Every structure is written in structure tokens, then in C-alpha cells.
>>> print(open('upload_31.pdb').read())   # PDB, C-alpha atoms and all ligand atoms
ATOM      1  CA  MET A 314       3.774  -8.932 -13.455  1.00  0.00           C
ATOM      2  CA  GLY A 315       1.265  -6.242 -12.380  1.00  0.00           C
ATOM      3  CA  LEU A 316       0.312  -5.457  -8.836  1.00  0.00           C
ATOM      4  CA  PRO A 317      -2.662  -7.394  -7.433  1.00  0.00           C
ATOM      5  CA  ILE A 318      -6.134  -5.909  -7.765  1.00  0.00           C
ATOM      6  CA  GLN A 319      -7.308  -4.458  -4.458  1.00  0.00           C
ATOM      7  CA  ILE A 320     -10.830  -3.455  -3.507  1.00  0.00           C
ATOM      8  CA  ALA A 321     -11.339  -0.478  -1.209  1.00  0.00           C
ATOM      9  CA  PRO A 322     -14.962   0.063  -0.087  1.00  0.00           C
ATOM     10  CA  SER A 323     -15.625   3.734   0.703  1.00  0.00           C
ATOM     11  CA  ILE A 324     -17.458   4.134   4.005  1.00  0.00           C
ATOM     12  CA  LEU A 325     -19.059   7.316   2.707  1.00  0.00           C
ATOM     13  CA  SER A 326     -21.928   5.076   1.565  1.00  0.00           C
ATOM     14  CA  ALA A 327     -21.959   2.859   4.667  1.00  0.00           C
ATOM     15  CA  ASP A 328     -24.657   2.965   7.353  1.00  0.00           C
ATOM     16  CA  PHE A 329     -23.080   5.042  10.107  1.00  0.00           C
ATOM     17  CA  ARG A 330     -25.648   3.873  12.665  1.00  0.00           C
ATOM     18  CA  CYS A 331     -23.627   0.668  12.741  1.00  0.00           C
ATOM     19  CA  ILE A 332     -20.250   1.557  11.273  1.00  0.00           C
ATOM     20  CA  GLU A 333     -18.434  -1.180  13.214  1.00  0.00           C
ATOM     21  CA  LYS A 334     -20.699  -3.827  11.711  1.00  0.00           C
ATOM     22  CA  GLU A 335     -20.378  -2.295   8.248  1.00  0.00           C
ATOM     23  CA  VAL A 336     -16.575  -2.206   8.119  1.00  0.00           C
ATOM     24  CA  GLN A 337     -16.308  -5.692   9.592  1.00  0.00           C
ATOM     25  CA  ALA A 338     -18.809  -6.936   7.010  1.00  0.00           C
ATOM     26  CA  VAL A 339     -16.758  -5.637   4.066  1.00  0.00           C
ATOM     27  CA  GLN A 340     -13.570  -6.965   5.641  1.00  0.00           C
ATOM     28  CA  ASN A 341     -15.179 -10.396   5.977  1.00  0.00           C
ATOM     29  CA  ALA A 342     -16.455 -10.085   2.408  1.00  0.00           C
ATOM     30  CA  GLY A 343     -12.861  -9.820   1.147  1.00  0.00           C
ATOM     31  CA  ALA A 344     -12.126  -6.074   1.036  1.00  0.00           C
ATOM     32  CA  ASP A 345      -8.414  -5.271   0.927  1.00  0.00           C
ATOM     33  CA  ARG A 346      -8.650  -1.808   2.505  1.00  0.00           C
ATOM     34  CA  ILE A 347     -11.200   0.596   3.933  1.00  0.00           C
ATOM     35  CA  HIS A 348     -11.376   3.926   2.060  1.00  0.00           C
ATOM     36  CA  CYS A 349     -12.178   6.843   4.401  1.00  0.00           C
ATOM     37  CA  ASP A 350     -13.326  10.111   2.769  1.00  0.00           C
ATOM     38  CA  VAL A 351     -12.501  13.093   4.950  1.00  0.00           C
ATOM     39  CA  MET A 352     -14.360  16.253   3.829  1.00  0.00           C
ATOM     40  CA  ASP A 353     -14.187  19.618   5.549  1.00  0.00           C
ATOM     41  CA  GLY A 354     -17.033  21.690   4.037  1.00  0.00           C
ATOM     42  CA  ASN A 355     -14.412  23.992   2.539  1.00  0.00           C
ATOM     43  CA  PHE A 356     -12.206  22.226  -0.011  1.00  0.00           C
ATOM     44  CA  VAL A 357     -15.415  20.377  -0.911  1.00  0.00           C
ATOM     45  CA  PRO A 358     -18.918  21.543   0.119  1.00  0.00           C
ATOM     46  CA  ASP A 359     -19.780  18.457   2.174  1.00  0.00           C
ATOM     47  CA  LEU A 360     -18.609  17.684   5.663  1.00  0.00           C
ATOM     48  CA  THR A 361     -17.982  14.112   6.793  1.00  0.00           C
ATOM     49  CA  PHE A 362     -15.677  13.064   9.618  1.00  0.00           C
ATOM     50  CA  GLY A 363     -12.198  13.597  10.997  1.00  0.00           C
ATOM     51  CA  PRO A 364      -9.494  11.794  12.949  1.00  0.00           C
ATOM     52  CA  MET A 365     -11.760  10.618  15.777  1.00  0.00           C
ATOM     53  CA  VAL A 366     -13.810   8.487  13.417  1.00  0.00           C
ATOM     54  CA  ILE A 367     -10.664   7.185  11.684  1.00  0.00           C
ATOM     55  CA  GLU A 368      -9.364   6.162  15.106  1.00  0.00           C
ATOM     56  CA  ALA A 369     -12.615   4.353  15.900  1.00  0.00           C
ATOM     57  CA  VAL A 370     -12.709   2.544  12.529  1.00  0.00           C
ATOM     58  CA  LYS A 371      -9.084   1.489  13.034  1.00  0.00           C
ATOM     59  CA  LYS A 372     -10.132  -0.418  16.164  1.00  0.00           C
ATOM     60  CA  CYS A 373     -12.785  -2.363  14.238  1.00  0.00           C
ATOM     61  CA  VAL A 374     -10.741  -3.914  11.404  1.00  0.00           C
ATOM     62  CA  SER A 375      -7.297  -5.326  10.644  1.00  0.00           C
ATOM     63  CA  ILE A 376      -7.105  -4.323   6.957  1.00  0.00           C
ATOM     64  CA  PRO A 377      -5.377  -0.986   6.123  1.00  0.00           C
ATOM     65  CA  LEU A 378      -7.180   2.340   6.216  1.00  0.00           C
ATOM     66  CA  ASP A 379      -6.815   4.345   2.993  1.00  0.00           C
ATOM     67  CA  VAL A 380      -7.555   7.929   4.040  1.00  0.00           C
ATOM     68  CA  HIS A 381      -8.512  10.409   1.303  1.00  0.00           C
ATOM     69  CA  LEU A 382      -8.099  13.946   2.617  1.00  0.00           C
ATOM     70  CA  MET A 383     -10.505  16.335   0.861  1.00  0.00           C
ATOM     71  CA  ILE A 384      -9.644  19.249   3.121  1.00  0.00           C
ATOM     72  CA  SER A 385      -8.134  22.702   2.770  1.00  0.00           C
ATOM     73  CA  GLU A 386      -4.475  23.128   3.672  1.00  0.00           C
ATOM     74  CA  PRO A 387      -3.872  19.390   4.186  1.00  0.00           C
ATOM     75  CA  HIS A 388      -0.215  20.089   5.042  1.00  0.00           C
ATOM     76  CA  LYS A 389      -1.408  21.486   8.384  1.00  0.00           C
ATOM     77  CA  HIS A 390      -3.205  18.293   9.398  1.00  0.00           C
ATOM     78  CA  VAL A 391      -0.968  15.464   8.261  1.00  0.00           C
ATOM     79  CA  LYS A 392       0.411  14.541  11.690  1.00  0.00           C
ATOM     80  CA  GLN A 393      -3.052  14.290  13.224  1.00  0.00           C
ATOM     81  CA  TYR A 394      -4.251  11.891  10.516  1.00  0.00           C
ATOM     82  CA  CYS A 395      -1.088   9.797  10.666  1.00  0.00           C
ATOM     83  CA  GLU A 396      -1.593   9.402  14.394  1.00  0.00           C
ATOM     84  CA  SER A 397      -5.279   8.562  14.035  1.00  0.00           C
ATOM     85  CA  GLY A 398      -4.493   5.219  12.400  1.00  0.00           C
ATOM     86  CA  ALA A 399      -4.318   5.931   8.667  1.00  0.00           C
ATOM     87  CA  ASP A 400      -2.133   3.410   6.832  1.00  0.00           C
ATOM     88  CA  ILE A 401      -2.157   5.357   3.564  1.00  0.00           C
ATOM     89  CA  LEU A 402      -2.739   9.109   3.498  1.00  0.00           C
ATOM     90  CA  VAL A 403      -3.807  10.579   0.142  1.00  0.00           C
ATOM     91  CA  ILE A 404      -3.306  14.312  -0.380  1.00  0.00           C
ATOM     92  CA  HIS A 405      -4.749  16.598  -3.074  1.00  0.00           C
ATOM     93  CA  ALA A 406      -1.739  18.259  -4.711  1.00  0.00           C
ATOM     94  CA  GLU A 407      -3.768  21.281  -5.888  1.00  0.00           C
ATOM     95  CA  GLU A 408      -4.449  22.127  -2.248  1.00  0.00           C
ATOM     96  CA  CYS A 409      -1.111  21.300  -0.681  1.00  0.00           C
ATOM     97  CA  LYS A 410       1.822  23.596  -0.010  1.00  0.00           C
ATOM     98  CA  ASN A 411       5.357  22.160  -0.062  1.00  0.00           C
ATOM     99  CA  MET A 412       4.452  18.699  -1.321  1.00  0.00           C
ATOM    100  CA  PRO A 413       7.908  17.060  -0.938  1.00  0.00           C
ATOM    101  CA  HIS A 414       8.019  18.086   2.707  1.00  0.00           C
ATOM    102  CA  VAL A 415       4.495  16.758   3.320  1.00  0.00           C
ATOM    103  CA  ILE A 416       5.293  13.428   1.640  1.00  0.00           C
ATOM    104  CA  GLU A 417       8.422  13.108   3.793  1.00  0.00           C
ATOM    105  CA  ASN A 418       6.410  13.863   6.923  1.00  0.00           C
ATOM    106  CA  ILE A 419       3.860  11.189   6.079  1.00  0.00           C
ATOM    107  CA  LYS A 420       6.621   8.650   5.537  1.00  0.00           C
ATOM    108  CA  LYS A 421       8.390   9.669   8.747  1.00  0.00           C
ATOM    109  CA  CYS A 422       5.201   8.673  10.576  1.00  0.00           C
ATOM    110  CA  GLY A 423       5.719   5.179   9.156  1.00  0.00           C
ATOM    111  CA  ILE A 424       2.737   5.149   6.817  1.00  0.00           C
ATOM    112  CA  LYS A 425       2.288   5.272   3.034  1.00  0.00           C
ATOM    113  CA  ALA A 426       1.876   8.469   1.051  1.00  0.00           C
ATOM    114  CA  GLY A 427      -0.555   8.945  -1.818  1.00  0.00           C
ATOM    115  CA  ILE A 428      -1.155  11.881  -4.117  1.00  0.00           C
ATOM    116  CA  THR A 429      -4.111  12.955  -6.231  1.00  0.00           C
ATOM    117  CA  VAL A 430      -5.734  15.854  -8.094  1.00  0.00           C
ATOM    118  CA  ASN A 431      -9.274  16.583  -9.252  1.00  0.00           C
ATOM    119  CA  PRO A 432     -10.214  15.684 -12.849  1.00  0.00           C
ATOM    120  CA  ASP A 433      -9.685  19.247 -14.163  1.00  0.00           C
ATOM    121  CA  VAL A 434      -6.241  19.721 -12.618  1.00  0.00           C
ATOM    122  CA  SER A 435      -3.093  19.072 -14.631  1.00  0.00           C
ATOM    123  CA  LEU A 436      -1.188  15.845 -13.999  1.00  0.00           C
ATOM    124  CA  GLN A 437       1.935  18.005 -13.988  1.00  0.00           C
ATOM    125  CA  LEU A 438       1.142  18.645 -10.328  1.00  0.00           C
ATOM    126  CA  ILE A 439       1.633  14.946  -9.646  1.00  0.00           C
ATOM    127  CA  PHE A 440       4.472  13.898 -11.936  1.00  0.00           C
ATOM    128  CA  PRO A 441       7.339  15.555 -10.010  1.00  0.00           C
ATOM    129  CA  TYR A 442       6.530  13.396  -6.955  1.00  0.00           C
ATOM    130  CA  LEU A 443       5.910   9.999  -8.555  1.00  0.00           C
ATOM    131  CA  ASP A 444       9.244   8.666  -7.335  1.00  0.00           C
ATOM    132  CA  MET A 445       8.466   9.675  -3.744  1.00  0.00           C
ATOM    133  CA  VAL A 446       4.954   8.293  -3.260  1.00  0.00           C
ATOM    134  CA  ASP A 447       3.510   4.823  -2.676  1.00  0.00           C
ATOM    135  CA  GLN A 448       0.294   5.475  -4.546  1.00  0.00           C
ATOM    136  CA  VAL A 449      -1.342   7.751  -7.113  1.00  0.00           C
ATOM    137  CA  LEU A 450      -5.100   8.224  -6.963  1.00  0.00           C
ATOM    138  CA  ILE A 451      -6.857   9.157 -10.184  1.00  0.00           C
ATOM    139  CA  MET A 452     -10.162  10.845  -9.352  1.00  0.00           C
ATOM    140  CA  THR A 453     -12.751   9.507 -11.801  1.00  0.00           C
ATOM    141  CA  VAL A 454     -15.357  12.009 -10.498  1.00  0.00           C
ATOM    142  CA  TYR A 455     -14.921  15.416  -8.853  1.00  0.00           C
ATOM    143  CA  ALA A 456     -14.085  15.017  -5.176  1.00  0.00           C
ATOM    144  CA  GLY A 457     -17.102  15.728  -3.004  1.00  0.00           C
ATOM    145  CA  SER A 458     -19.830  13.106  -2.965  1.00  0.00           C
ATOM    146  CA  ALA A 459     -20.786   9.491  -3.499  1.00  0.00           C
ATOM    147  CA  GLY A 460     -22.955   8.222  -6.321  1.00  0.00           C
ATOM    148  CA  GLN A 461     -21.591  10.426  -9.142  1.00  0.00           C
ATOM    149  CA  LYS A 462     -21.214   9.221 -12.707  1.00  0.00           C
ATOM    150  CA  PHE A 463     -17.779   7.996 -13.831  1.00  0.00           C
ATOM    151  CA  ILE A 464     -16.025  10.490 -16.148  1.00  0.00           C
ATOM    152  CA  PRO A 465     -14.863   8.374 -19.155  1.00  0.00           C
ATOM    153  CA  GLN A 466     -12.193  10.917 -20.160  1.00  0.00           C
ATOM    154  CA  MET A 467     -10.308   9.882 -17.017  1.00  0.00           C
ATOM    155  CA  LEU A 468      -9.376   6.566 -18.648  1.00  0.00           C
ATOM    156  CA  ASP A 469      -6.699   8.384 -20.663  1.00  0.00           C
ATOM    157  CA  ARG A 470      -5.316   9.838 -17.442  1.00  0.00           C
ATOM    158  CA  ILE A 471      -5.091   6.398 -15.881  1.00  0.00           C
ATOM    159  CA  LYS A 472      -3.177   5.162 -18.941  1.00  0.00           C
ATOM    160  CA  THR A 473      -0.857   8.199 -18.957  1.00  0.00           C
ATOM    161  CA  VAL A 474       0.043   7.779 -15.285  1.00  0.00           C
ATOM    162  CA  SER A 475       0.318   4.001 -15.612  1.00  0.00           C
ATOM    163  CA  ASP A 476       2.742   4.400 -18.561  1.00  0.00           C
ATOM    164  CA  GLU A 477       4.781   6.948 -16.633  1.00  0.00           C
ATOM    165  CA  ILE A 478       4.979   4.609 -13.618  1.00  0.00           C
ATOM    166  CA  LYS A 479       6.191   1.814 -15.900  1.00  0.00           C
ATOM    167  CA  ASN A 480       8.690   4.066 -17.721  1.00  0.00           C
ATOM    168  CA  ARG A 481      10.231   5.015 -14.412  1.00  0.00           C
ATOM    169  CA  ASN A 482      10.302   1.368 -13.283  1.00  0.00           C
ATOM    170  CA  LEU A 483       8.254   2.146 -10.187  1.00  0.00           C
ATOM    171  CA  ARG A 484       6.011  -0.311  -8.358  1.00  0.00           C
ATOM    172  CA  ILE A 485       3.345   1.899  -6.860  1.00  0.00           C
ATOM    173  CA  ASP A 486      -0.392   1.487  -6.578  1.00  0.00           C
ATOM    174  CA  LEU A 487      -2.637   3.221  -9.072  1.00  0.00           C
ATOM    175  CA  GLU A 488      -6.005   3.795  -7.434  1.00  0.00           C
ATOM    176  CA  VAL A 489      -9.275   5.016  -8.971  1.00  0.00           C
ATOM    177  CA  ASP A 490     -12.137   6.636  -7.086  1.00  0.00           C
ATOM    178  CA  GLY A 491     -15.634   7.643  -8.149  1.00  0.00           C
ATOM    179  CA  GLY A 492     -18.412   5.989 -10.139  1.00  0.00           C
ATOM    180  CA  ILE A 493     -16.719   2.581 -10.005  1.00  0.00           C
ATOM    181  CA  ASN A 494     -18.918  -0.408 -10.873  1.00  0.00           C
ATOM    182  CA  ASN A 495     -18.073  -3.711 -12.550  1.00  0.00           C
ATOM    183  CA  GLN A 496     -18.057  -2.102 -16.009  1.00  0.00           C
ATOM    184  CA  THR A 497     -16.014   1.017 -15.215  1.00  0.00           C
ATOM    185  CA  ALA A 498     -13.732  -1.139 -13.047  1.00  0.00           C
ATOM    186  CA  ALA A 499     -12.920  -3.316 -16.061  1.00  0.00           C
ATOM    187  CA  GLN A 500     -11.997  -0.237 -18.119  1.00  0.00           C
ATOM    188  CA  CYS A 501      -9.848   1.171 -15.314  1.00  0.00           C
ATOM    189  CA  ILE A 502      -7.990  -2.118 -14.845  1.00  0.00           C
ATOM    190  CA  LYS A 503      -7.427  -2.355 -18.594  1.00  0.00           C
ATOM    191  CA  ASN A 504      -5.803   1.086 -18.505  1.00  0.00           C
ATOM    192  CA  GLY A 505      -3.506   0.205 -15.603  1.00  0.00           C
ATOM    193  CA  ALA A 506      -5.388   0.777 -12.333  1.00  0.00           C
ATOM    194  CA  ASN A 507      -4.974  -1.835  -9.576  1.00  0.00           C
ATOM    195  CA  VAL A 508      -6.838  -0.349  -6.585  1.00  0.00           C
ATOM    196  CA  LEU A 509     -10.582   0.184  -6.971  1.00  0.00           C
ATOM    197  CA  VAL A 510     -12.482   2.414  -4.546  1.00  0.00           C
ATOM    198  CA  ALA A 511     -16.232   1.865  -4.539  1.00  0.00           C
ATOM    199  CA  GLY A 512     -18.873   3.336  -2.251  1.00  0.00           C
ATOM    200  CA  SER A 513     -22.391   3.008  -3.567  1.00  0.00           C
ATOM    201  CA  TYR A 514     -21.644  -0.025  -5.749  1.00  0.00           C
ATOM    202  CA  ILE A 515     -20.814  -2.023  -2.621  1.00  0.00           C
ATOM    203  CA  PHE A 516     -22.773  -0.493   0.263  1.00  0.00           C
ATOM    204  CA  ASN A 517     -26.036   0.106  -1.620  1.00  0.00           C
ATOM    205  CA  GLU A 518     -26.387  -3.623  -2.254  1.00  0.00           C
ATOM    206  CA  SER A 519     -27.155  -6.297   0.319  1.00  0.00           C
ATOM    207  CA  ASN A 520     -24.456  -8.830  -0.558  1.00  0.00           C
ATOM    208  CA  TYR A 521     -21.076  -7.115  -0.128  1.00  0.00           C
ATOM    209  CA  LYS A 522     -19.140 -10.261  -1.033  1.00  0.00           C
ATOM    210  CA  VAL A 523     -20.831 -10.523  -4.413  1.00  0.00           C
ATOM    211  CA  GLN A 524     -20.163  -6.851  -5.200  1.00  0.00           C
ATOM    212  CA  ILE A 525     -16.501  -7.079  -4.152  1.00  0.00           C
ATOM    213  CA  GLU A 526     -15.990 -10.214  -6.228  1.00  0.00           C
ATOM    214  CA  LYS A 527     -17.654  -8.581  -9.255  1.00  0.00           C
ATOM    215  CA  LEU A 528     -15.156  -5.729  -9.013  1.00  0.00           C
ATOM    216  CA  ARG A 529     -12.167  -8.016  -8.499  1.00  0.00           C
ATOM    217  CA  ASN A 530     -13.114 -10.133 -11.505  1.00  0.00           C
ATOM    218  CA  ALA A 531     -14.188  -7.183 -13.638  1.00  0.00           C
ATOM    219  CA  THR A 532     -11.608  -7.894 -16.350  1.00  0.00           C
ATOM    220  CA  VAL A 533     -12.740 -11.480 -16.723  1.00  0.00           C
ATOM    221  CA  ASP A 534     -16.425 -10.600 -16.874  1.00  0.00           C
ATOM    222  CA  HIS A 535     -16.407  -7.461 -18.941  1.00  0.00           C
ATOM    223  CA  ASP A 536     -13.232  -7.173 -20.984  1.00  0.00           C
TER     224      ASP A 536
HETATM  225  C1  LIG B   1     -15.884  11.116  -3.798  1.00  0.00           C
HETATM  226  C2  LIG B   1     -15.189  10.200  -2.845  1.00  0.00           C
HETATM  227  C3  LIG B   1     -15.387   8.767  -3.137  1.00  0.00           C
HETATM  228  C4  LIG B   1     -16.819   8.286  -3.021  1.00  0.00           C
HETATM  229  C5  LIG B   1     -17.019   7.290  -4.111  1.00  0.00           C
HETATM  230  O1  LIG B   1     -15.544  12.401  -3.485  1.00  0.00           O
HETATM  231  O2  LIG B   1     -13.798  10.446  -2.896  1.00  0.00           O
HETATM  232  O3  LIG B   1     -14.527   7.939  -2.387  1.00  0.00           O
HETATM  233  O4  LIG B   1     -17.112   7.700  -1.798  1.00  0.00           O
HETATM  234  O5  LIG B   1     -18.357   6.964  -4.148  1.00  0.00           O
HETATM  235  P1  LIG B   1     -18.996   6.127  -5.352  1.00  0.00           P
HETATM  236  O6  LIG B   1     -18.221   4.846  -5.434  1.00  0.00           O
HETATM  237  O7  LIG B   1     -20.400   5.955  -4.934  1.00  0.00           O
HETATM  238  O8  LIG B   1     -18.822   6.959  -6.590  1.00  0.00           O
HETATM  239 ZN    ZN B   2     -12.405   9.016  -1.927  1.00  0.00          ZN
END
>>> encode(input="upload_31.pdb", output="C-alpha cells", more="lines below")
Ligand code: DX5
Ligand code: ZN
Amino acid sequence: MGLPIQIAPSILSADFRCIEKEVQAVQNAGADRIHCDVMDGNFVPDLTFGPMVIEAVKKCVSIPLDVHLMISEPHKHVKQYCESGADILVIHAEECKNMPHVIENIKKCGIKAGITVNPDVSLQLIFPYLDMVDQVLIMTVYAGSAGQKFIPQMLDRIKTVSDEIKNRNLRIDLEVDGGINNQTAAQCIKNGANVLVAGSYIFNESNYKVQIEKLRNATVDHD
């Protein structure tokens, strides 16, 4: 039996004038996690927010915070993010030195560790650590901004990682992030993904509950 489908709204597309209201609204609408995109203006050109905002969001909701670190030298900042209230910390392997040590540090803080790479980076950077992590994130756009178009070639990657997870008898989450709507969600689920991050698809519409349900039922509606 596969892992349950989880929906993770990305607050990158939320209205930050009222972030408390926004995260509580998606929680009430059935979201399973809140996805927080940390960008440093260096690893990616945009700049978003850091641990202070994560700490504030943590106080507003009871569902887990899924923190996606798009920052240079993430290994130097892990402790700070663990302490800020992240429940899952996702690290870009192409930017991280001494990955096994970093994964161990995350786990020592009592939270879950996730690993990812950009679409043009080899999965070989991820495979050695599959047995150590709680989650793999497949980027379905290049890390950096909301509202990009889903890259269909990433479906093969999802399948490859999903097969590898099964071959090793692991039970870890397989998350997708970027350009997710009800149609791309259905394709991702079909190829083995179980956690769907969505920013614009949820926050750019008025009824969050409807959008979340469309994602959760994507296989039924569009397979
Ligand atoms: C992209 C971020 C995503 C982004 C997704 O760099 O990692 O989490 O918020 O936005 P949408 O769902 O609009 O593609
Ligand atoms: Zn993200």
C-alpha cells in the first residue's frame, strides 16, 4: 500500500500582508503541511525569508512545516533552521558539503531530513543517501520562483526514484515541487509521487479547499 497523498501549499504565493490568516486558511482547507521556500539571492536570484518567518509561521499552525532551503552552503545553516520550527528540512545536494553529516545533524535535532537537486543535476547525487533520508524532493521546475511551467521530462525522474525507493524497500515520501496543478499532479502521482507542493495553483484562487481537493483527487479526475 502506497503512502497517503499529502498536499503542501507553498507560501511563496501567499499574501504576506496577512500570512497568519493565509496559513490558517490552508490548514483549515485540509492542507497536510506548509511548504516554506527559503531563498538567499545567491543560490537562486530571488530573496524570500529566513528563520524568523519560519518561527512566526510555526506559531500560527499545527500542521508540519516543510522547509525547502534554496540557499548557498546549506550545511552552515542547518541548526538555525531546525531550531526555527522546521519539521522537515530539505537540502539541495548540489550545494551541500558533507551530506551524510548534514543529514545526521538534521535528525539529531529531532526533525525529518529531505534531499533534492535541480532538474539538470544528476540523481547520482541523491541515490547514495536514500537510505538515510525521510523524503526525496523532485524539482519539477528550476528552483527560484513560483508560477513556472512544469517540466514534463521530470516524470521519468519521479518514476526512477520511486522504483529505487521500492527496490530498497524504503517507506519515504516522494515530493514534487513546481508547476503542480490538477493535471500535472495526476501524472506525478501516477509515477510514484505522494507529496504535492503547490503555490500559485492554491493561493491564486479564492477557494483553497476546492484547489486542495482537486490536487488530492487528481488521479480520480484526470487519470
Ligand atoms: C520554486 C519553489 C516552489 C514554488 C512553487 O522554486 O520551490 O515551492 O513555490 O510554485 P508553483 O506551485 O507556483 O510552481
Ligand atoms: Zn519549494
>>> residues_near_ligand(input="upload_31.pdb", ligand="ligand LIG 1 (chain B)", cutoff="10 Å", atoms="all atoms listed in the file", output="MDAnalysis selection string")
chainID A and resid 321:327 348:352 357 359 380:383 431 450 452:463 489:494 509:517
>>> resolve_selection(input="upload_31.pdb", expression="the PyMOL selection byres (((chain A and resi 432-439) around 10) and not hetatm)", output="list of chain:residue names")
A:His405, A:Ala406, A:Glu407, A:Met412, A:Ile428, A:Thr429, A:Val430, A:Asn431, A:Phe440, A:Pro441, A:Tyr442, A:Leu443, A:Val446, A:Val449, A:Leu450, A:Ile451, A:Met452, A:Thr453, A:Val454, A:Tyr455, A:Ala456, A:Ile464, A:Gln466, A:Met467, A:Arg470, A:Thr473, A:Val474
>>> atom_distance(input="upload_31.pdb", atom1="atom CA of A:Ser397", atom2="atom CA of A:Glu368")
4.9 Å
>>> atom_distance(input="upload_31.pdb", atom1="atom CA of A:Met365", atom2="atom CA of A:Asp353")
13.8 Å
>>> resolve_selection(input="upload_31.pdb", expression="the PyMOL selection byres (((chain A and resi 499-508) around 8) and not hetatm)", output="PyMOL selection string")
chain A and resi 316-321+468-469+471-472+475+486-489+495-498+509-510+528+531-532+535-536
>>> closest_residue(input="upload_31.pdb", among="A:Ile424, A:Asp379, A:Tyr394, A:Pro387", to="A:Pro364", atoms="only C-alpha atoms")
A:Tyr394
>>> axis_aligned_box(input="upload_31.pdb", around="stretch 423-440 of chain A", padding_each_side="6 Å", output="JSON")
{"center_x": -2.2, "center_y": 12.4, "center_z": -2.7, "size_x": 27.9, "size_y": 26.6, "size_z": 35.8}
>>> closest_residue(input="upload_31.pdb", among="A:Ile416, A:Ile485, A:Ile384, A:Cys395", to="ligand ZN 2 (chain B)", atoms="all atoms listed in the file")
A:Ile384
>>> resolve_selection(input="upload_31.pdb", expression="the PyMOL selection byres (((chain A and resi 342-346) around 6) and not hetatm)", output="PyMOL selection string")
chain A and resi 319-321+339-341+347+376-378+522
>>> write_last_selection(input="upload_31.pdb", atoms="C-alpha atoms", output="PDB file, in the coordinates of the input")
ATOM      1  CA  GLN A 319      -7.308  -4.458  -4.458  1.00  0.00           C
ATOM      2  CA  ILE A 320     -10.830  -3.455  -3.507  1.00  0.00           C
ATOM      3  CA  ALA A 321     -11.339  -0.478  -1.209  1.00  0.00           C
ATOM      4  CA  VAL A 339     -16.758  -5.637   4.066  1.00  0.00           C
ATOM      5  CA  GLN A 340     -13.570  -6.965   5.641  1.00  0.00           C
ATOM      6  CA  ASN A 341     -15.179 -10.396   5.977  1.00  0.00           C
ATOM      7  CA  ILE A 347     -11.200   0.596   3.933  1.00  0.00           C
ATOM      8  CA  ILE A 376      -7.105  -4.323   6.957  1.00  0.00           C
ATOM      9  CA  PRO A 377      -5.377  -0.986   6.123  1.00  0.00           C
ATOM     10  CA  LEU A 378      -7.180   2.340   6.216  1.00  0.00           C
ATOM     11  CA  LYS A 522     -19.140 -10.261  -1.033  1.00  0.00           C
TER      12      LYS A 522
END
>>> closest_residue(input="upload_31.pdb", among="A:Val403, A:Leu360, A:Val374, A:Met445", to="A:Ile332", atoms="only C-alpha atoms")
A:Val374
>>> closest_residue(input="upload_31.pdb", among="A:Val523, A:Leu402, A:Lys371, A:Glu417", to="ligand ZN 2 (chain B)", atoms="all atoms listed in the file")
A:Leu402
